[in-house]
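Trainee: One structure is given below, represented as structure tokens, and several questions about it will come after.
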Amino acid sequence: MILIKCPYCGERDQSEFSNGGEAHVIRPKNPGSLSDKDWGEYVFYRNNPKGIFYERWVHSHGCKKWFNAVRNTSTDQILRVYKVNEKRPDLSDFKNTLKSPSGEPLVGSGNFAVKK
Ligand SMILES: [Zn+2]
């Protein structure tokens, strides 16, 4: 059983939450000026790193509020939760304990550079 700490309600079972994907994706200021390809990338393309990642979560079977979390995607360990209006923690605050055989950085992932 994985426990997630809702910043509003406290620690609850994972089954009460839903993952909303990558956090801090910025909506383009002028979507009408984007090409179909650029709009499609904004709508559908997301990073999927192995390691430390910023995610959106919603306490869907509780207070129904959205919040952000820093999660290690390799271990499912949630390292920090914070409200949507709070500043995101710096990745250097966390240590990725995994050693990457492909030489990825210890914190974060080389996958951040894949997004075009
Ligand atoms: Zn809650």
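Quick note on naming: the chains in the structure tokens go A, B, ... in the order shown, residues restart at 1 in each chain, and ligands are numbered from 1 in order of appearance.
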Hey, what does DSSP flag as strand (DSSP E or B) within stretch 37-93 of chain A? Can you give it to me as a list in words?

Mentor: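 Reading the DSSP output for stretch 37-93 of chain A, strand (DSSP E or B) covers Ile52, Phe53, Tyr54, Glu55, Arg56, Trp57, Val58, Trp66, Phe67, Asn68, Ala69, Val70, Arg71, Asn72, Gln77, Ile78, Leu79, Arg80, Val81, Tyr82 and Lys83 of chain A.
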
Trainee: Within 7 Å of ligand 1, counting only C-alpha atoms and all ligand atoms: which residues, as a ChimeraX atom specification?

Mentor: /A:6-10,59,62-65

Trainee: Could you make a table, as CSV, of the residues of stretch 4-50 of chain A that have an atom within 10 Å of an atom of stretch 72-84 of chain A, each with its nearest atom pair and distance in Å to one decimal, counting only C-alpha atoms, in chain and number order?

Mentor:
```
residue,atom,partner,partner_atom,distance
A:Ile4,CA,A:Ile78,CA,7.3
A:Lys5,CA,A:Val81,CA,7.0
A:Cys6,CA,A:Val81,CA,7.3
A:Pro7,CA,A:Tyr82,CA,6.3
A:Tyr8,CA,A:Lys83,CA,8.5
A:Ala23,CA,A:Val84,CA,9.2
A:His24,CA,A:Val84,CA,9.3
A:Asn48,CA,A:Thr73,CA,8.7
A:Pro49,CA,A:Thr73,CA,7.3
A:Lys50,CA,A:Thr73,CA,5.6
```

Trainee: Please identify the helix (DSSP H, G or I) residues within chain A (assignment by DSSP from backbone atoms) and present them as a list in words.

Mentor: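 Taking chain A and keeping helix (DSSP H, G or I) only, one gets Gln14, Ser15, Glu16, Pro31, Gly32, Ser33, Asp36, Lys37, Asp38, Trp39, Gly40, Glu41, Tyr42, Val43, Phe44, Leu91, Ser92, Asp93, Gly110, Asn111, Phe112 and Ala113 of chain A.
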
Trainee: Could you turn the residues from that selection into a file that holds N, CA and C atoms, as a short mmCIF file (atom, residue, chain, number, x, y, z; two decimals), in the first residue's frame?

Mentor:
```
data_model
loop_
_atom_site.label_atom_id
_atom_site.label_comp_id
_atom_site.auth_asym_id
_atom_site.auth_seq_id
_atom_site.Cartn_x
_atom_site.Cartn_y
_atom_site.Cartn_z
N GLN A 14 -3.34 5.47 -1.62
CA GLN A 14 -3.17 5.84 -3.03
C GLN A 14 -4.46 5.70 -3.83
N SER A 15 -5.31 4.76 -3.43
CA SER A 15 -6.55 4.52 -4.18
C SER A 15 -7.48 5.73 -4.19
N GLU A 16 -7.25 6.70 -3.32
CA GLU A 16 -8.08 7.90 -3.28
C GLU A 16 -7.63 8.96 -4.28
N PRO A 31 -2.21 30.14 -28.94
CA PRO A 31 -2.39 28.81 -29.56
C PRO A 31 -2.84 28.89 -31.01
N GLY A 32 -3.53 29.96 -31.41
CA GLY A 32 -3.98 30.08 -32.79
C GLY A 32 -2.84 30.24 -33.78
N SER A 33 -1.70 30.70 -33.29
CA SER A 33 -0.56 30.90 -34.18
C SER A 33 0.31 29.66 -34.31
N ASP A 36 -0.21 22.86 -36.54
CA ASP A 36 -0.88 21.66 -36.02
C ASP A 36 0.13 20.77 -35.29
N LYS A 37 1.33 20.70 -35.83
CA LYS A 37 2.37 19.87 -35.21
C LYS A 37 2.73 20.39 -33.82
N ASP A 38 2.94 21.71 -33.71
CA ASP A 38 3.30 22.30 -32.41
C ASP A 38 2.16 22.16 -31.40
N TRP A 39 0.91 22.36 -31.87
CA TRP A 39 -0.23 22.21 -30.97
C TRP A 39 -0.35 20.76 -30.51
N GLY A 40 -0.17 19.84 -31.44
CA GLY A 40 -0.23 18.42 -31.10
C GLY A 40 0.83 18.04 -30.08
N GLU A 41 2.01 18.62 -30.24
CA GLU A 41 3.07 18.33 -29.26
C GLU A 41 2.71 18.88 -27.89
N TYR A 42 2.11 20.08 -27.86
CA TYR A 42 1.69 20.65 -26.57
C TYR A 42 0.63 19.77 -25.91
N VAL A 43 -0.34 19.30 -26.71
CA VAL A 43 -1.46 18.54 -26.16
C VAL A 43 -1.05 17.12 -25.76
N PHE A 44 -0.23 16.48 -26.59
CA PHE A 44 -0.01 15.05 -26.40
C PHE A 44 1.38 14.64 -25.92
N LEU A 91 15.16 20.52 -8.40
CA LEU A 91 15.54 19.10 -8.52
C LEU A 91 16.81 18.79 -7.73
N SER A 92 17.65 19.80 -7.52
CA SER A 92 18.88 19.54 -6.79
C SER A 92 18.61 19.25 -5.31
N ASP A 93 17.36 19.47 -4.86
CA ASP A 93 16.99 19.13 -3.48
C ASP A 93 16.88 17.62 -3.29
N GLY A 110 17.92 12.31 -18.53
CA GLY A 110 18.26 12.80 -19.85
C GLY A 110 17.02 12.95 -20.71
N ASN A 111 15.92 12.33 -20.30
CA ASN A 111 14.69 12.43 -21.07
C ASN A 111 14.15 13.85 -21.14
N PHE A 112 14.58 14.72 -20.22
CA PHE A 112 14.12 16.10 -20.30
C PHE A 112 14.60 16.74 -21.59
N ALA A 113 15.71 16.28 -22.11
CA ALA A 113 16.26 16.86 -23.32
C ALA A 113 15.61 16.29 -24.57
#
```

Trainee: Using only C-alpha atoms, which residue out of A:Tyr45, A:Phe17, A:Trp66, A:Phe53 lies closest to A:Arg88?

Mentor: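 So, comparing all the options, the nearest one is A:Phe53.
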
Trainee: Please compute the atom CA of A:Gly21-atom CA of A:Leu34 distance, one decimal, in Å.

Mentor: 22.7 Å

Trainee: A:Arg27, A:Tyr54, A:Lys87, A:Ile2: which is nearest A:Val70, counting only C-alpha atoms?

Mentor: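 Once distances to A:Val70 are computed over only C-alpha atoms, the minimum belongs to A:Tyr54.
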
Trainee: Rank A:Pro28, A:Gly51, A:Pro89, A:Gly20 by their smallest atom-to-atom distance to A:Arg71, using only C-alpha atoms, and report the top residue only.

Mentor: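 Among the listed residues, the smallest separation from A:Arg71 belongs to A:Gly51.
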